[in-house]
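As stored in run.cif (mmCIF, C-alpha atoms):
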```
data_protein
loop_
_atom_site.label_atom_id
_atom_site.label_comp_id
_atom_site.auth_asym_id
_atom_site.auth_seq_id
_atom_site.Cartn_x
_atom_site.Cartn_y
_atom_site.Cartn_z
CA MET A 1 93.31 156.67 49.26
CA ARG A 2 95.82 154.11 48.18
CA LEU A 3 97.12 151.14 50.15
CA VAL A 4 100.91 150.95 50.34
CA ILE A 5 103.40 148.48 51.82
CA ASP A 6 106.65 150.17 52.82
CA GLU A 7 109.28 147.80 51.47
CA ARG A 8 112.00 149.34 53.61
CA ARG A 9 110.17 148.28 56.78
CA CYS A 10 108.40 145.04 55.88
CA LYS A 11 110.14 141.93 57.17
CA GLY A 12 107.90 139.47 55.34
CA CYS A 13 106.05 137.85 58.24
CA ASN A 14 102.81 137.60 56.20
CA LEU A 15 100.61 138.44 59.20
CA CYS A 16 98.63 140.86 57.02
CA THR A 17 97.57 137.96 54.80
CA THR A 18 95.77 136.37 57.76
CA VAL A 19 93.57 139.31 58.75
CA CYS A 20 92.36 141.08 55.60
CA PRO A 21 88.66 140.24 55.06
CA TYR A 22 89.07 140.70 51.29
CA HIS A 23 92.36 138.76 51.09
CA ILE A 24 93.99 141.74 49.40
CA PHE A 25 97.39 140.75 50.77
CA GLN A 26 98.79 137.68 49.06
CA GLU A 27 102.06 135.95 49.79
CA GLY A 28 104.71 137.26 47.45
CA ARG A 29 107.13 135.20 45.39
CA ASN A 30 110.04 137.47 44.57
CA LEU A 31 112.78 138.78 46.81
CA ASN A 32 113.19 142.53 46.98
CA GLU A 33 116.56 144.26 47.17
CA ARG A 34 116.77 143.63 50.94
CA GLY A 35 116.26 139.91 50.47
CA ILE A 36 112.72 139.84 51.87
CA ILE A 37 109.61 138.41 50.27
CA VAL A 38 107.12 141.24 50.64
CA PRO A 39 103.41 140.41 50.24
CA VAL A 40 101.81 141.55 47.01
CA LEU A 41 98.53 143.45 46.78
CA ASP A 42 95.71 141.79 44.90
CA ARG A 43 93.38 144.49 43.55
CA PRO A 44 93.91 146.92 46.47
CA GLU A 45 91.10 149.19 45.26
CA ARG A 46 88.70 146.78 47.05
CA CYS A 47 90.01 147.92 50.46
CA THR A 48 87.24 149.42 52.60
CA ASN A 49 89.40 152.21 53.91
CA CYS A 50 90.57 153.12 50.40
CA ARG A 51 87.03 153.38 49.09
CA LEU A 52 85.11 154.94 51.96
CA ARG A 53 87.60 156.89 54.07
CA HIS A 54 86.64 160.25 52.64
CA LEU A 55 82.91 159.48 52.69
CA TYR A 56 82.91 158.58 56.38
CA GLY A 57 85.72 160.91 57.42
CA ARG A 58 87.32 158.39 59.75
CA GLN A 59 89.52 155.34 59.76
CA LEU A 60 87.68 152.19 58.69
CA CYS A 61 88.75 148.58 59.31
CA GLY A 62 92.54 149.03 59.46
CA ALA A 63 93.19 145.55 60.87
CA CYS A 64 96.19 145.08 58.58
CA GLN A 65 97.82 148.29 59.76
CA LEU A 66 97.26 147.41 63.40
CA ILE A 67 98.51 143.85 63.22
CA CYS A 68 101.57 144.74 61.12
CA PRO A 69 104.41 144.45 63.67
CA ASP A 70 106.75 146.54 61.53
CA GLN A 71 104.50 149.56 60.91
CA ALA A 72 104.89 148.96 57.17
CA ILE A 73 101.29 149.34 56.00
CA PHE A 74 99.74 152.75 55.45
CA TRP A 75 97.44 154.67 53.16
CA GLU A 76 98.42 157.66 51.13
CA GLU A 77 96.37 160.28 49.38
CA GLU A 78 95.87 159.74 45.70
CA ASP A 79 96.02 162.52 43.18
CA PRO A 80 92.81 162.10 41.14
CA TYR A 81 94.45 163.47 38.00
CA ALA A 82 97.74 161.64 38.30
CA THR A 83 99.02 160.01 35.15
CA LYS A 84 99.12 156.25 35.45
CA LYS A 85 101.35 153.89 33.62
CA VAL A 86 99.28 151.39 31.71
CA VAL A 87 100.80 148.30 30.20
CA ILE A 88 99.09 147.37 26.96
CA GLU A 89 99.12 143.72 26.02
CA TYR A 90 99.23 143.04 22.30
CA MET B 1 94.86 154.79 63.12
CA SER B 2 95.96 157.13 60.51
CA THR B 3 99.38 157.69 59.06
CA GLU B 4 99.66 161.01 60.93
CA THR B 5 99.29 159.16 64.23
CA TYR B 6 102.21 156.93 63.28
CA GLU B 7 104.34 159.87 62.28
CA LYS B 8 103.47 161.68 65.48
CA TRP B 9 104.19 158.91 67.96
CA TYR B 10 106.89 156.79 66.32
CA ARG B 11 110.48 157.89 65.97
CA GLN B 12 110.81 157.51 62.23
CA ASP B 13 114.58 157.61 62.41
CA ARG B 14 114.63 154.49 64.63
CA LEU B 15 112.35 152.34 62.49
CA PRO B 16 112.41 149.57 61.38
CA HIS B 17 112.84 148.11 64.84
CA ILE B 18 115.06 145.19 65.81
CA TYR B 19 112.27 142.73 66.59
CA CYS B 20 112.40 139.46 64.68
CA THR B 21 110.18 138.75 61.72
CA GLY B 22 106.62 138.34 62.93
CA CYS B 23 107.23 139.30 66.55
CA GLY B 24 103.99 140.38 68.21
CA ASN B 25 105.56 143.17 70.23
CA GLY B 26 105.18 145.56 67.30
CA THR B 27 101.46 144.81 67.18
CA VAL B 28 101.08 145.59 70.88
CA MET B 29 103.00 148.83 70.34
CA ASN B 30 100.58 149.78 67.56
CA CYS B 31 97.57 149.06 69.79
CA THR B 32 99.04 151.05 72.68
CA ILE B 33 99.81 154.02 70.45
CA LYS B 34 96.29 153.96 69.07
CA ALA B 35 94.73 153.81 72.54
CA VAL B 36 96.98 156.58 73.88
CA ASP B 37 96.24 158.76 70.86
CA ALA B 38 92.50 158.17 71.30
CA MET B 39 92.82 159.42 74.90
CA GLY B 40 94.02 162.76 73.54
CA TRP B 41 97.21 162.75 75.59
CA GLU B 42 100.07 164.91 74.42
CA ILE B 43 103.63 163.75 73.85
CA ASP B 44 104.94 165.96 76.65
CA ASP B 45 102.47 164.59 79.24
CA THR B 46 103.08 160.92 78.58
CA ILE B 47 106.00 158.78 79.66
CA PHE B 48 106.75 155.20 78.73
CA ILE B 49 108.84 153.11 81.10
CA SER B 50 110.31 149.67 80.54
CA GLY B 51 112.68 147.19 82.08
CA ILE B 52 114.88 144.72 80.24
CA GLY B 53 113.87 142.34 77.51
CA CYS B 54 112.49 142.25 74.00
CA SER B 55 109.28 144.00 75.00
CA SER B 56 111.16 146.64 76.93
CA ARG B 57 112.82 147.99 73.81
CA ALA B 58 109.44 149.39 72.76
CA PRO B 59 109.73 152.87 74.39
CA GLY B 60 112.89 153.48 72.38
CA TYR B 61 110.80 153.68 69.24
CA ILE B 62 108.26 156.11 70.66
CA THR B 63 108.71 159.88 70.55
CA THR B 64 107.77 160.55 74.18
CA ASP B 65 110.12 160.69 77.14
CA SER B 66 111.01 157.21 78.26
CA LEU B 67 112.99 155.32 80.87
CA HIS B 68 114.76 152.07 80.01
CA THR B 69 115.53 150.75 83.46
CA THR B 70 117.12 147.78 85.20
CA HIS B 71 115.79 144.26 84.94
CA GLY B 72 112.41 143.90 86.65
CA ARG B 73 112.49 147.34 88.24
CA ALA B 74 110.35 149.17 85.68
CA LEU B 75 107.46 149.41 88.14
CA ALA B 76 109.71 150.77 90.88
CA PHE B 77 110.98 153.51 88.55
CA ALA B 78 107.42 154.18 87.36
CA THR B 79 106.29 154.59 90.98
CA GLY B 80 109.01 157.19 91.43
CA VAL B 81 108.00 159.06 88.29
CA LYS B 82 104.34 159.09 89.28
CA MET B 83 105.05 160.21 92.83
CA ALA B 84 107.38 162.97 91.67
CA ASN B 85 104.92 164.38 89.14
CA PRO B 86 101.36 163.00 89.41
CA ASP B 87 100.29 164.98 86.34
CA LEU B 88 102.25 162.70 84.04
CA HIS B 89 100.54 159.79 82.36
CA VAL B 90 102.67 156.74 83.03
CA VAL B 91 102.58 153.65 80.82
CA VAL B 92 104.84 150.69 81.59
CA PHE B 93 105.88 148.19 78.93
CA THR B 94 107.15 144.95 80.35
CA GLY B 95 107.58 141.33 79.50
CA ASP B 96 106.72 138.14 81.32
CA GLY B 97 110.27 137.44 82.47
CA ASP B 98 110.69 141.04 83.53
CA LEU B 99 107.39 141.34 85.37
CA SER B 100 106.65 137.91 86.79
CA ALA B 101 110.10 136.48 87.50
CA ILE B 102 112.55 139.11 88.68
CA GLY B 103 110.04 141.91 89.14
CA GLY B 104 107.27 139.87 90.76
CA ASN B 105 107.71 141.55 94.10
CA HIS B 106 107.49 145.03 92.59
CA PHE B 107 104.44 143.95 90.63
CA ILE B 108 102.38 142.73 93.56
CA HIS B 109 103.26 145.77 95.63
CA ALA B 110 102.46 148.18 92.80
CA CYS B 111 99.08 146.42 92.57
CA ARG B 112 98.64 146.61 96.34
CA ARG B 113 99.43 150.33 96.43
CA ASN B 114 97.23 150.82 93.37
CA ILE B 115 99.38 153.49 91.80
CA ASP B 116 97.78 155.32 88.90
CA MET B 117 99.56 153.80 85.90
CA THR B 118 98.98 151.35 83.10
CA VAL B 119 101.08 148.20 82.89
CA ILE B 120 101.16 146.42 79.55
CA CYS B 121 102.77 143.01 79.78
CA MET B 122 103.78 141.41 76.48
CA ASN B 123 103.73 137.76 77.49
CA ASN B 124 105.66 135.69 74.95
CA MET B 125 105.92 132.75 77.37
CA ILE B 126 109.74 132.67 77.22
CA TYR B 127 112.86 134.76 77.75
CA GLY B 128 113.25 135.75 74.13
CA MET B 129 116.21 138.12 74.17
CA THR B 130 118.62 135.92 76.10
CA GLY B 131 118.10 132.83 73.95
CA GLY B 132 114.85 131.15 74.91
CA GLN B 133 115.12 130.15 78.56
CA GLY B 134 111.95 129.02 80.31
CA SER B 135 110.06 131.72 82.18
CA PRO B 136 107.36 131.43 84.88
CA CYS B 137 104.81 131.71 82.06
CA THR B 138 106.10 128.84 79.91
CA PRO B 139 103.16 126.43 79.59
CA VAL B 140 103.50 122.93 81.02
CA GLY B 141 105.10 120.52 78.58
CA LYS B 142 106.56 123.18 76.29
CA ILE B 143 110.21 123.07 75.38
CA SER B 144 112.73 125.82 75.98
CA THR B 145 116.51 125.81 76.35
CA THR B 146 116.30 125.33 80.14
CA THR B 147 113.42 122.85 79.96
CA PRO B 148 114.58 120.49 77.20
CA TYR B 149 112.19 117.71 78.33
CA GLY B 150 109.21 120.03 78.65
CA ALA B 151 108.36 122.51 81.38
CA THR B 152 107.00 120.85 84.51
CA GLU B 153 106.22 123.77 86.77
CA PRO B 154 102.74 125.28 87.04
CA VAL B 155 102.19 128.49 85.10
CA PHE B 156 101.85 131.93 86.62
CA ASP B 157 98.49 133.45 85.69
CA LEU B 158 99.46 137.11 85.69
CA ALA B 159 96.00 138.62 85.25
CA GLU B 160 94.63 136.57 88.17
CA LEU B 161 97.66 137.61 90.20
CA ALA B 162 96.88 141.27 89.51
CA VAL B 163 93.26 140.73 90.58
CA ALA B 164 94.35 139.03 93.79
CA ALA B 165 96.96 141.69 94.56
CA GLY B 166 94.42 144.47 94.16
CA ALA B 167 94.79 146.10 90.75
CA ASN B 168 91.87 148.23 89.61
CA TYR B 169 91.72 146.81 86.11
CA ALA B 170 93.02 143.55 84.71
CA ALA B 171 92.53 142.10 81.25
CA ARG B 172 94.17 139.61 78.98
CA TRP B 173 94.08 139.51 75.18
CA THR B 174 96.37 138.28 72.47
CA SER B 175 98.17 140.05 69.67
CA TYR B 176 95.66 138.54 67.25
CA HIS B 177 92.71 140.28 68.95
CA VAL B 178 93.80 143.81 68.05
CA ALA B 179 90.42 145.53 68.37
CA GLU B 180 89.75 144.04 71.81
CA LEU B 181 93.29 144.81 72.91
CA ILE B 182 92.84 148.48 71.97
CA LYS B 183 89.58 148.61 73.91
CA ALA B 184 91.21 146.98 76.93
CA ILE B 185 94.21 149.32 76.87
CA GLY B 186 91.87 152.31 76.47
CA ALA B 187 89.83 151.18 79.48
CA GLY B 188 93.04 150.68 81.42
CA LEU B 189 94.28 154.16 80.60
CA GLU B 190 90.96 155.64 81.69
CA THR B 191 90.72 153.74 84.97
CA PRO B 192 92.39 155.45 87.95
CA GLY B 193 94.71 153.14 89.81
CA LEU B 194 96.87 150.38 88.45
CA SER B 195 95.57 148.82 85.25
CA PHE B 196 97.16 145.61 84.09
CA ILE B 197 96.78 144.41 80.51
CA GLU B 198 98.43 141.15 79.59
CA ALA B 199 98.95 140.71 75.85
CA MET B 200 99.92 137.23 74.75
CA VAL B 201 102.34 137.63 71.84
CA GLN B 202 103.92 135.19 69.45
CA CYS B 203 107.65 134.57 69.55
CA PRO B 204 108.52 132.56 66.46
CA THR B 205 112.28 132.75 67.00
CA ALA B 206 112.70 131.49 70.56
CA TYR B 207 109.39 129.81 71.41
CA GLY B 208 107.75 128.71 68.18
CA ARG B 209 110.91 127.24 66.71
CA ARG B 210 111.14 124.70 69.55
CA ASN B 211 107.45 123.97 69.88
CA LYS B 212 106.39 123.06 66.36
CA LEU B 213 105.02 126.52 65.63
CA ARG B 214 107.80 127.63 63.35
CA GLN B 215 105.67 129.81 61.08
CA VAL B 216 104.28 133.05 62.45
CA GLY B 217 100.85 132.31 61.04
CA GLU B 218 100.73 128.95 62.84
CA GLN B 219 101.42 130.52 66.19
CA VAL B 220 98.88 133.29 65.68
CA GLU B 221 96.34 130.67 64.66
CA TYR B 222 97.23 128.70 67.82
CA MET B 223 96.56 131.76 69.96
CA ARG B 224 93.32 132.44 68.13
CA SER B 225 91.99 128.92 68.53
CA HIS B 226 93.21 128.38 72.11
CA ALA B 227 91.86 131.61 73.57
CA MET B 228 88.72 131.08 75.63
CA LEU B 229 86.51 133.92 76.77
CA LEU B 230 85.97 134.24 80.51
CA ALA B 231 82.20 134.10 79.98
CA LYS B 232 82.52 130.82 78.12
CA LYS B 233 84.68 129.35 80.85
CA ALA B 234 82.14 130.38 83.47
CA ARG B 235 79.38 128.83 81.37
CA LEU B 236 81.27 125.56 81.00
CA GLU B 237 81.91 125.47 84.74
CA GLU B 238 78.25 126.12 85.43
CA GLN B 239 77.23 123.27 83.16
CA GLY B 240 79.82 121.05 84.80
CA LYS B 241 81.62 120.42 81.54
CA GLU B 242 85.30 119.80 81.25
CA ILE B 243 87.54 122.73 80.35
CA PRO B 244 90.33 121.79 77.90
CA GLU B 245 93.71 122.02 79.59
CA ASP B 246 95.62 123.80 76.84
CA MET B 247 93.18 126.71 76.58
CA PHE B 248 93.89 130.05 78.20
CA THR B 249 91.26 132.57 79.17
CA VAL B 250 90.97 136.01 77.62
CA GLY B 251 88.76 138.90 78.58
CA GLU B 252 88.33 141.53 81.23
CA PHE B 253 89.10 140.02 84.62
CA VAL B 254 88.17 142.89 86.89
CA ARG B 255 87.23 146.55 86.81
CA ARG B 256 86.78 148.21 90.17
CA TYR B 257 87.44 151.54 91.82
CA ARG B 258 89.51 150.96 94.93
CA PRO B 259 91.19 154.09 96.30
CA ALA B 260 94.19 154.81 94.10
CA MET B 261 97.53 156.43 94.80
CA GLY B 262 99.04 159.22 92.73
CA VAL B 263 95.83 160.48 91.12
CA PRO B 264 96.14 164.26 90.56
CA LYS B 265 93.60 166.23 92.55
#
```
Exercise: express the given structure as C-alpha cells:
Amino acid sequence: MRLVIDERRCKGCNLCTTVCPYHIFQEGRNLNERGIIVPVLDRPERCTNCRLRHLYGRQLCGACQLICPDQAIFWEEEDPYATKKVVIEY
Amino acid sequence: MSTETYEKWYRQDRLPHIYCTGCGNGTVMNCTIKAVDAMGWEIDDTIFISGIGCSSRAPGYITTDSLHTTHGRALAFATGVKMANPDLHVVVFTGDGDLSAIGGNHFIHACRRNIDMTVICMNNMIYGMTGGQGSPCTPVGKISTTTPYGATEPVFDLAELAVAAGANYAARWTSYHVAELIKAIGAGLETPGLSFIEAMVQCPTAYGRRNKLRQVGEQVEYMRSHAMLLAKKARLEEQGKEIPEDMFTVGEFVRRYRPAMGVPK
C-alpha cells in the first residue's frame, strides 16, 4: 500500500500534520498549480497501514484519512514490480 | 475506512466540497460515513436530511437520497420521512444555528416523541454561512459580528437539552476525537429512538478569525485541551474542586431505552 495525498482535493489546512503518530505529514513549502501548499510526505513507508494492511487484512490507524476534511488522503495498491525512478546523486 | 468506502458513499463528481480550508464539517462527514458503513446499511435504505447552513450542505456530497430542507425544519421533514416509511434509516445533519435557534422547538418535540432517527449536530458555535453572527451556542465573552463586545448570554448545552427532553442517546465529542466520534455515532445509529450526537467543530473563517484562533491547528488544539470528560467532571464535583469555566464536557450523556416511535416491527 502507498499513502497518497490527492492534490486536486487538498486545501492545505495541515490538520493531518497534527494527528500522525509518526509525523509523516510535514508542512509543505511550495505552491502547487492550484495555489495551495500541500503537505509533503516524510518517508511514507513508515505508515502502519502501508506496512501491515495486507498482513492484518483490515484498516489500521487511519487517523489522517478520518480527520482530513477534504477526503484527500487515501491508500492505493502498489505494484511490487513497478519500475521506480531513482535519482542518482553524483 | 478504505478507499472503496469513500468511492461508494461520496459523490465523486461533487468533490472537493465548498467548505473553507480546515472546516471540521468534512471530518464529521467522514466519521458518519464510516459509522454508517460499519452498520452495513445500503445506499437505498439510508436517507440523509439537513436544514440550512454550512453543516447542512453535507448530504449533497453523499450518494444516498437526501432532503435539503428549510431553515430549522430538518427534524420536521425527517419525522415525515420516518412516519411514511419506517424501514428507512434516517440520519439528520444539522448545525447549531439550525437546531438550537430556529429549530429548537422541533428539536425538543422530536426528542419528546423519541422518533427513531440519528441527529448529528455540527456545533461550530457561530452562524458560519451568513457571516459569523452569534448563535445560542457562542460561548460567553467570545466575539462575533453581532456580539462585538463579547457574547453575554448563557450558552445552550444541546446534549443536556436532549437528555432533558427525552432522547434515547446523547453524546458530545469534537472533530479532533475522531475515533470516539465514530463510536458515538455508531451507538446512536444502533439505538432505537432519537439519538443525538453533538460534534464540536472548528470554524477558522467565521469564529477563529475573530477569537484569536486564526490557524486551524490552534483551534483544534483548543478543542483538544478544553474538552473535559464527564467522568472527570463528576470526580471533580465529588472532591469539591473547582471546575474551570472555559472547559466543556465531552462523553456519553445518556443511553436508555424509552419507548420509541417509528421503529419497524
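Comparing the minimum interatomic distances between chain B and each of A:Ile36, A:Val4, A:Ile73, A:Ile67, counting all atoms listed in the file, we find that A:Ile67 sits nearest.
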So that I can see what lies close to His17 (chain B), please list as a PDB file with C-alpha atoms, in the coordinates of the input the residues with an atom at most 9 Å from it, counting only C-alpha atoms and leaving out residues fewer than 4 positions away in the same chain.
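Output contents, as saved in part.pdb:
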```
ATOM      1  CA  ARG A   9     110.170 148.280  56.780  1.00  0.00           C
ATOM      2  CA  ASP A  70     106.750 146.540  61.530  1.00  0.00           C
TER       3      ASP A  70
ATOM      4  CA  GLY B  26     105.180 145.560  67.300  1.00  0.00           C
ATOM      5  CA  ARG B  57     112.820 147.990  73.810  1.00  0.00           C
ATOM      6  CA  ALA B  58     109.440 149.390  72.760  1.00  0.00           C
ATOM      7  CA  TYR B  61     110.800 153.680  69.240  1.00  0.00           C
TER       8      TYR B  61
END
```
For a test of reading the model, state the distance in Å between CA of Cys121 (chain B) and CA of Ile33 (chain B), rounded to one decimal.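 Spanning CA of Cys121 (chain B) to CA of Ile33 (chain B) is a straight-line distance of 14.7 Å.
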Could you write out as number ranges by chain the residues of chain B within 12 Å of chain A, counting all atoms listed in the file? B: 1-7, 9-35, 58, 61, 174-182, 201-205, 214-221, 224
Out of B:Pro86, B:Gly251, B:Gly72, B:Gly208, which residue has the shortest atom-to-atom distance to Glu160 (chain B) when counting all atoms listed in the file?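 Closest to Glu160 (chain B) of all the choices is B:Gly251.
In this comparison, which uses only C-alpha atoms, the residue of A:Pro80, A:Phe25, A:Met1, A:Gly35 approaching Thr48 (chain A) most closely is A:Met1.
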Shell of 9 Å around Pro59 (chain B), all atoms listed in the file, local chain residues under 6 positions omitted, as a short mmCIF file (atom, residue, chain, number, x, y, z; two decimals) with C-alpha atoms, keeping the file's coordinate frame:
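Final output, around-v3.cif:
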```cif
data_model
loop_
_atom_site.label_atom_id
_atom_site.label_comp_id
_atom_site.auth_asym_id
_atom_site.auth_seq_id
_atom_site.Cartn_x
_atom_site.Cartn_y
_atom_site.Cartn_z
CA MET B 29 103.00 148.83 70.34
CA ILE B 47 106.00 158.78 79.66
CA PHE B 48 106.75 155.20 78.73
CA ILE B 49 108.84 153.11 81.10
CA SER B 50 110.31 149.67 80.54
CA ASP B 65 110.12 160.69 77.14
CA SER B 66 111.01 157.21 78.26
CA LEU B 67 112.99 155.32 80.87
CA HIS B 68 114.76 152.07 80.01
CA VAL B 92 104.84 150.69 81.59
CA PHE B 93 105.88 148.19 78.93
#
```
Between A:Arg53, A:Glu45, A:Asp79, A:Val86, which one has atoms that come closest to Tyr22 (chain A), using all atoms listed in the file?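 Among the listed residues, the smallest separation from Tyr22 (chain A) belongs to A:Glu45.
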Any idea what's packed within 6 Å of Met200 (chain B), counting all atoms listed in the file, ignoring anything in its chain fewer than 6 positions away? Could you give it as a ChimeraX atom specification? /B:122-124,174
At what distance in Å, to one decimal, does CA of Tyr127 (chain B) lie from CA of Ile115 (chain B)? 27.0 Å
Can you translate the PyMOL selection byres ((chain B and resi 54) around 7) into the concrete residues it hits in this file, as a list in words?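 Here the PyMOL selection byres ((chain B and resi 54) around 7) matches Gly53, Ser55, Ser56, Arg57, Gly128 and Met129 of chain B.
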Go ahead and compute the interatomic distance for CA of Arg172 (chain B) and CA of Val263 (chain B), in Å to one decimal. 24.2 Å
Starting from the shown file, work through the PyMOL selection byres ((chain B and resi 164) around 12) and note down what comes out as a short mmCIF file (atom, residue, chain, number, x, y, z; two decimals) with C-alpha atoms, keeping the file's coordinate frame.
```
data_model
loop_
_atom_site.label_atom_id
_atom_site.label_comp_id
_atom_site.auth_asym_id
_atom_site.auth_seq_id
_atom_site.Cartn_x
_atom_site.Cartn_y
_atom_site.Cartn_z
CA PHE B 107 104.44 143.95 90.63
CA ILE B 108 102.38 142.73 93.56
CA HIS B 109 103.26 145.77 95.63
CA CYS B 111 99.08 146.42 92.57
CA ARG B 112 98.64 146.61 96.34
CA ASP B 157 98.49 133.45 85.69
CA LEU B 158 99.46 137.11 85.69
CA ALA B 159 96.00 138.62 85.25
CA GLU B 160 94.63 136.57 88.17
CA LEU B 161 97.66 137.61 90.20
CA ALA B 162 96.88 141.27 89.51
CA VAL B 163 93.26 140.73 90.58
CA ALA B 165 96.96 141.69 94.56
CA GLY B 166 94.42 144.47 94.16
CA ALA B 167 94.79 146.10 90.75
CA ASN B 168 91.87 148.23 89.61
CA TYR B 169 91.72 146.81 86.11
CA ALA B 170 93.02 143.55 84.71
CA PHE B 253 89.10 140.02 84.62
CA VAL B 254 88.17 142.89 86.89
#
```
Near-Asn30 (chain A) list (10 Å; only C-alpha atoms; drop same-chain fewer than 6 positions) as a ChimeraX atom specification: /A:36-40
